[in-house]
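Shown next, in structure tokens, is the structure this report addresses.
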Amino acid sequence: MKILIGFLLAVLATPTFAQDVKRSIEPVAGDVYLMRNNFHNSLLVATDEGIIRVDPINAEAGIWLNSNLDQIGGDRISHLIYSHSHGDHASGGGAHDGATVIAHKDAPETIDGVTPDLRVGDMHTLEIGGKTIELANLGAGHDNHMLVTIVRPENVAFIVDVAAPKRLPFRDFARFDIGGWFKQLETAQTLDFEIFAPGHGAVGTKADLDDAHTYMVELQAAVLDGLKAGKSVEQLKAEVVMEDYKHWGQYAAWREENIEGMARYLKASGQAD
Ligand SMILES: [Zn+2]
């Protein structure tokens, strides 16, 4: 039995087998692409100076991408931008040795061993190989900063974790300061773009960002009403069905956890009293 448990632990500790990870590069618009690595996306922009990548995800994703850049007419990552510093998006940047690394000024000094070459403020514009890259910080909420990358002339915005088109937000909001998150969503809504390329899930439009904000507003109102009426979180999980969002991704999986997270926030912030 001991041997069996030892073996199982060894298997669990082994990095995911390559054949289990689904990776692809798909077009978004013009010279803008998404690299998919299971449930995480990177933004790729093909320019005359090389390929710009936003978010390395992990080392294996970077190694795969380096040998698949020819799919989009490139041969090297010239610039690596970090949206934020959470490990599931920001690991393994060292795979793109030689790239100019860009992060927000509030990002950690090193991100999984990579030291940014350029730290930007809350609004920063770069001209790279014929593309205009606008970096806009959404402020604190999910992480202490969140850089949106907008690519022109394609007018694509890469927005990570704060929202995703037609998809419920992640589980019980454990990594969010929810008050700050609302502000991040509202700041994102002020940005000028047409296509919404997310860090998770399918590509959408700016209207999908507005819908993601509306979902949060409606969830907050429904949970707050219920708490003020003396209902338990268990009752709210049964009653707050968010009917208009039944067709969204992760509705069945995450609706109840969304309610739990919102109730926790409303109680902790004293709004439910
Ligand atoms: Zn994150």
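FYI, nothing fancy with the structure tokens labels: chains A, B, ... in order, residues from 1 per chain, ligands from 1 as they appear.
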Can you tell me, as an mmCIF file with N, CA and C atoms, in the first residue's frame, what residues are no more than 6 Å from segment 79-86 of chain A when counting only C-alpha atoms, ignoring any on the same chain fewer than 6 positions away?
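The resulting file, result_20.cif, is shown below:
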data_model
loop_
_atom_site.group_PDB
_atom_site.id
_atom_site.type_symbol
_atom_site.label_atom_id
_atom_site.label_comp_id
_atom_site.auth_asym_id
_atom_site.auth_seq_id
_atom_site.Cartn_x
_atom_site.Cartn_y
_atom_site.Cartn_z
ATOM 1 N N ILE A 52 4.768 40.157 -30.556
ATOM 2 C CA ILE A 52 4.493 40.614 -29.186
ATOM 3 C C ILE A 52 3.624 39.543 -28.529
ATOM 4 N N ARG A 53 3.961 39.190 -27.299
ATOM 5 C CA ARG A 53 3.130 38.237 -26.559
ATOM 6 C C ARG A 53 2.694 38.881 -25.248
ATOM 7 N N VAL A 54 1.428 38.745 -24.902
ATOM 8 C CA VAL A 54 0.965 39.161 -23.590
ATOM 9 C C VAL A 54 0.625 37.906 -22.791
ATOM 10 N N ASP A 55 1.288 37.740 -21.674
ATOM 11 C CA ASP A 55 1.146 36.653 -20.701
ATOM 12 C C ASP A 55 1.788 35.335 -21.165
ATOM 13 N N ALA A 99 13.608 38.737 -25.217
ATOM 14 C CA ALA A 99 12.470 39.627 -25.457
ATOM 15 C C ALA A 99 12.549 40.833 -24.517
ATOM 16 N N THR A 100 12.026 41.965 -24.964
ATOM 17 C CA THR A 100 11.867 43.120 -24.087
ATOM 18 C C THR A 100 10.649 42.853 -23.203
ATOM 19 N N VAL A 101 10.860 42.875 -21.886
ATOM 20 C CA VAL A 101 9.792 42.500 -20.944
ATOM 21 C C VAL A 101 9.169 43.757 -20.346
ATOM 22 N N ILE A 102 7.851 43.802 -20.393
ATOM 23 C CA ILE A 102 7.121 45.002 -19.976
ATOM 24 C C ILE A 102 6.070 44.613 -18.936
ATOM 25 N N ALA A 103 6.036 45.381 -17.836
ATOM 26 C CA ALA A 103 5.021 45.138 -16.801
ATOM 27 C C ALA A 103 4.626 46.477 -16.183
ATOM 28 N N MET A 146 -3.849 45.764 -13.127
ATOM 29 C CA MET A 146 -4.295 44.895 -14.219
ATOM 30 C C MET A 146 -4.134 45.674 -15.511
ATOM 31 N N LEU A 147 -3.149 45.269 -16.299
ATOM 32 C CA LEU A 147 -2.885 45.984 -17.555
ATOM 33 C C LEU A 147 -3.730 45.389 -18.672
#
### Task
Fewer than 6 positions away in the same chain doesn't count, so skip those; otherwise give me all residues within 10 Å of Ile178 of chain A, counting only C-alpha atoms, as a PyMOL selection string.
chain A and resi 140-142+184+216+261-262+265-266+269
### Query
Using only C-alpha atoms, which residues sit within 10 Å of segment 167-172 of chain A once same-chain residues fewer than 3 positions away are excluded, as a PyMOL selection string?
chain A and resi 161-164+175-176+200-202+208+211-212+215-216+245-264
Could you give me, as JSON lines, a per-residue list for segment 131-207 of chain A showing, wherever an atom lies at most 12 Å from an atom of segment 22-27 of chain A, the closest pair of atoms and their distance in Å to one decimal, using only C-alpha atoms and sorting by chain then residue number from low to high?
{"residue": "A:Glu154", "atom": "CA", "partner": "A:Pro27", "partner_atom": "CA", "distance": 11.8}
{"residue": "A:Val156", "atom": "CA", "partner": "A:Pro27", "partner_atom": "CA", "distance": 11.7}
{"residue": "A:Ala197", "atom": "CA", "partner": "A:Pro27", "partner_atom": "CA", "distance": 10.6}
{"residue": "A:Ala202", "atom": "CA", "partner": "A:Glu26", "partner_atom": "CA", "distance": 10.7}
{"residue": "A:Val203", "atom": "CA", "partner": "A:Pro27", "partner_atom": "CA", "distance": 10.0}
Could those selected residues go to a file with N, CA and C atoms, as a PDB file, in the first residue's frame?
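Below you can see selection09.pdb, which holds the result:
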ATOM      1  N   GLU A 154      -6.198  47.238 -35.102  1.00  0.00           N
ATOM      2  CA  GLU A 154      -7.251  46.213 -35.007  1.00  0.00           C
ATOM      3  C   GLU A 154      -8.318  46.529 -33.952  1.00  0.00           C
ATOM      4  N   VAL A 156      -8.366  45.712 -30.820  1.00  0.00           N
ATOM      5  CA  VAL A 156      -8.574  44.537 -29.969  1.00  0.00           C
ATOM      6  C   VAL A 156      -8.058  44.858 -28.570  1.00  0.00           C
ATOM      7  N   ALA A 197     -10.760  40.334 -26.524  1.00  0.00           N
ATOM      8  CA  ALA A 197     -10.018  39.073 -26.460  1.00  0.00           C
ATOM      9  C   ALA A 197      -9.700  38.803 -24.991  1.00  0.00           C
ATOM     10  N   ALA A 202     -13.883  32.511 -24.931  1.00  0.00           N
ATOM     11  CA  ALA A 202     -14.018  32.867 -26.346  1.00  0.00           C
ATOM     12  C   ALA A 202     -13.937  34.371 -26.565  1.00  0.00           C
ATOM     13  N   VAL A 203     -13.556  34.747 -27.779  1.00  0.00           N
ATOM     14  CA  VAL A 203     -13.468  36.160 -28.174  1.00  0.00           C
ATOM     15  C   VAL A 203     -14.879  36.737 -28.299  1.00  0.00           C
TER      16      VAL A 203
END
### Task
Identify all residues of segment 57-247 of chain A in helix (DSSP H, G or I) (DSSP on the backbone) and supply them as a PyMOL selection string.
chain A and resi 59-66+69-72+87-90+93-96+178-189+206-228+233-239+243-245
Give me a file of those residues, with C-alpha atoms, as a PDB file, in the first residue's frame.
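See result32.pdb below for the written result:
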ATOM      1  CA  ALA A  59       7.256  27.491 -19.460  1.00  0.00           C
ATOM      2  CA  GLU A  60       5.816  24.575 -21.443  1.00  0.00           C
ATOM      3  CA  ALA A  61       3.446  26.968 -23.249  1.00  0.00           C
ATOM      4  CA  GLY A  62       6.410  29.197 -24.131  1.00  0.00           C
ATOM      5  CA  ILE A  63       8.487  26.310 -25.457  1.00  0.00           C
ATOM      6  CA  TRP A  64       5.549  25.146 -27.586  1.00  0.00           C
ATOM      7  CA  LEU A  65       4.942  28.662 -28.898  1.00  0.00           C
ATOM      8  CA  ASN A  66       8.619  29.216 -29.783  1.00  0.00           C
ATOM      9  CA  LEU A  69       5.631  30.955 -34.335  1.00  0.00           C
ATOM     10  CA  ASP A  70       5.926  30.156 -38.028  1.00  0.00           C
ATOM     11  CA  GLN A  71       2.138  29.633 -38.002  1.00  0.00           C
ATOM     12  CA  ILE A  72       1.831  33.422 -37.796  1.00  0.00           C
ATOM     13  CA  GLY A  87       1.182  32.520 -11.435  1.00  0.00           C
ATOM     14  CA  ASP A  88      -1.364  30.836 -13.700  1.00  0.00           C
ATOM     15  CA  HIS A  89      -0.880  33.580 -16.327  1.00  0.00           C
ATOM     16  CA  ALA A  90       2.592  34.903 -15.499  1.00  0.00           C
ATOM     17  CA  GLY A  93       8.420  34.042 -19.115  1.00  0.00           C
ATOM     18  CA  GLY A  94      12.067  32.918 -19.233  1.00  0.00           C
ATOM     19  CA  ALA A  95      11.131  30.801 -22.278  1.00  0.00           C
ATOM     20  CA  HIS A  96      11.366  34.013 -24.321  1.00  0.00           C
ATOM     21  CA  ILE A 178     -14.812  42.894  -5.099  1.00  0.00           C
ATOM     22  CA  GLY A 179     -15.195  46.652  -4.555  1.00  0.00           C
ATOM     23  CA  GLY A 180     -12.009  47.205  -6.565  1.00  0.00           C
ATOM     24  CA  TRP A 181     -13.176  44.705  -9.158  1.00  0.00           C
ATOM     25  CA  PHE A 182     -16.295  46.766  -9.915  1.00  0.00           C
ATOM     26  CA  LYS A 183     -14.002  49.757 -10.466  1.00  0.00           C
ATOM     27  CA  GLN A 184     -11.744  47.670 -12.731  1.00  0.00           C
ATOM     28  CA  LEU A 185     -14.775  46.679 -14.816  1.00  0.00           C
ATOM     29  CA  GLU A 186     -15.956  50.285 -14.999  1.00  0.00           C
ATOM     30  CA  THR A 187     -12.480  51.525 -15.989  1.00  0.00           C
ATOM     31  CA  ALA A 188     -12.310  48.857 -18.703  1.00  0.00           C
ATOM     32  CA  GLN A 189     -15.675  50.091 -20.017  1.00  0.00           C
ATOM     33  CA  LYS A 206     -17.107  45.387 -26.197  1.00  0.00           C
ATOM     34  CA  ALA A 207     -20.808  44.709 -25.560  1.00  0.00           C
ATOM     35  CA  ASP A 208     -19.745  41.514 -23.787  1.00  0.00           C
ATOM     36  CA  LEU A 209     -17.754  43.601 -21.312  1.00  0.00           C
ATOM     37  CA  ASP A 210     -20.854  45.666 -20.591  1.00  0.00           C
ATOM     38  CA  ASP A 211     -22.818  42.432 -20.077  1.00  0.00           C
ATOM     39  CA  ALA A 212     -20.161  41.103 -17.681  1.00  0.00           C
ATOM     40  CA  HIS A 213     -20.520  44.282 -15.630  1.00  0.00           C
ATOM     41  CA  THR A 214     -24.321  44.028 -15.700  1.00  0.00           C
ATOM     42  CA  TYR A 215     -24.107  40.429 -14.466  1.00  0.00           C
ATOM     43  CA  MET A 216     -22.076  41.563 -11.463  1.00  0.00           C
ATOM     44  CA  VAL A 217     -24.458  44.438 -10.720  1.00  0.00           C
ATOM     45  CA  GLU A 218     -27.483  42.099 -10.903  1.00  0.00           C
ATOM     46  CA  LEU A 219     -25.770  39.399  -8.830  1.00  0.00           C
ATOM     47  CA  GLN A 220     -24.877  41.950  -6.167  1.00  0.00           C
ATOM     48  CA  ALA A 221     -28.434  43.355  -6.064  1.00  0.00           C
ATOM     49  CA  ALA A 222     -30.055  39.906  -5.856  1.00  0.00           C
ATOM     50  CA  VAL A 223     -27.733  38.637  -3.128  1.00  0.00           C
ATOM     51  CA  LEU A 224     -28.021  41.876  -1.164  1.00  0.00           C
ATOM     52  CA  ASP A 225     -31.836  41.798  -1.318  1.00  0.00           C
ATOM     53  CA  GLY A 226     -31.824  38.218  -0.083  1.00  0.00           C
ATOM     54  CA  LEU A 227     -29.405  38.853   2.769  1.00  0.00           C
ATOM     55  CA  LYS A 228     -31.383  41.900   3.898  1.00  0.00           C
ATOM     56  CA  VAL A 233     -26.623  31.678   1.622  1.00  0.00           C
ATOM     57  CA  GLU A 234     -28.049  28.179   1.061  1.00  0.00           C
ATOM     58  CA  GLN A 235     -31.474  29.681   0.300  1.00  0.00           C
ATOM     59  CA  LEU A 236     -29.906  32.229  -2.044  1.00  0.00           C
ATOM     60  CA  LYS A 237     -28.083  29.490  -3.928  1.00  0.00           C
ATOM     61  CA  ALA A 238     -31.483  27.887  -4.581  1.00  0.00           C
ATOM     62  CA  GLU A 239     -33.331  31.119  -5.408  1.00  0.00           C
ATOM     63  CA  GLU A 243     -32.102  33.415 -15.478  1.00  0.00           C
ATOM     64  CA  ASP A 244     -30.711  35.722 -18.202  1.00  0.00           C
ATOM     65  CA  TYR A 245     -27.288  34.077 -17.984  1.00  0.00           C
TER      66      TYR A 245
END
Using only C-alpha atoms, which residues sit within 9 Å of Glu134 of chain A once same-chain residues fewer than 4 positions away are excluded, as a PDB file with C-alpha atoms, in the first residue's frame?
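Ended up saving to selection-v3.pdb:
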ATOM      1  CA  MET A 123      -1.391  54.762 -19.459  1.00  0.00           C
ATOM      2  CA  HIS A 124       1.448  53.944 -21.811  1.00  0.00           C
ATOM      3  CA  THR A 125       1.623  53.808 -25.580  1.00  0.00           C
ATOM      4  CA  LEU A 126       4.236  51.879 -27.547  1.00  0.00           C
ATOM      5  CA  GLU A 127       4.838  51.930 -31.277  1.00  0.00           C
ATOM      6  CA  VAL A 148      -5.207  45.880 -20.542  1.00  0.00           C
ATOM      7  CA  THR A 149      -3.381  45.700 -23.868  1.00  0.00           C
ATOM      8  CA  ILE A 150      -5.142  47.412 -26.775  1.00  0.00           C
ATOM      9  CA  VAL A 151      -3.795  46.785 -30.278  1.00  0.00           C
ATOM     10  CA  ARG A 152      -4.383  49.248 -33.104  1.00  0.00           C
TER      11      ARG A 152
END
### Message
Could you pull out the strand (DSSP E or B) residues of segment 79-247 of chain A, going by DSSP on the backbone, and write them as a PyMOL selection string?
### Response
chain A and resi 79-81+100-104+111+114+118-120+123-128+131-137+141-143+147-152+156-159+167+176+195-198+204-205
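Closest approach to ligand 1 among A:Thr110, A:Gln271, A:Ser91, A:Ser78 is made by A:Ser91 (distances from only C-alpha atoms and all ligand atoms).
Between ligand 1 and the residues A:Ala272, A:Val21, A:Leu135, A:Ile57, the shortest atom-to-atom distance, using only C-alpha atoms and all ligand atoms, involves A:Ile57.
A straight line drawn from atom CA of Val160 of chain A to atom CA of Asn41 of chain A is 8.7 Å long.
Distance annotation: of A:Ile133, A:Val120, A:Leu44, A:Ala174, the residue with the minimal separation from ligand 1 is A:Ala174; atom set is only C-alpha atoms and all ligand atoms.
Note that the spacing between atom CA of Gly139 of chain A and atom CA of Gly270 of chain A amounts to 23.1 Å.
Proximity to Pro198 of chain A was assessed for A:Ala229, A:Ser42, A:Asp117, A:Thr132 counting only C-alpha atoms; the smallest distance is recorded for A:Ser42.
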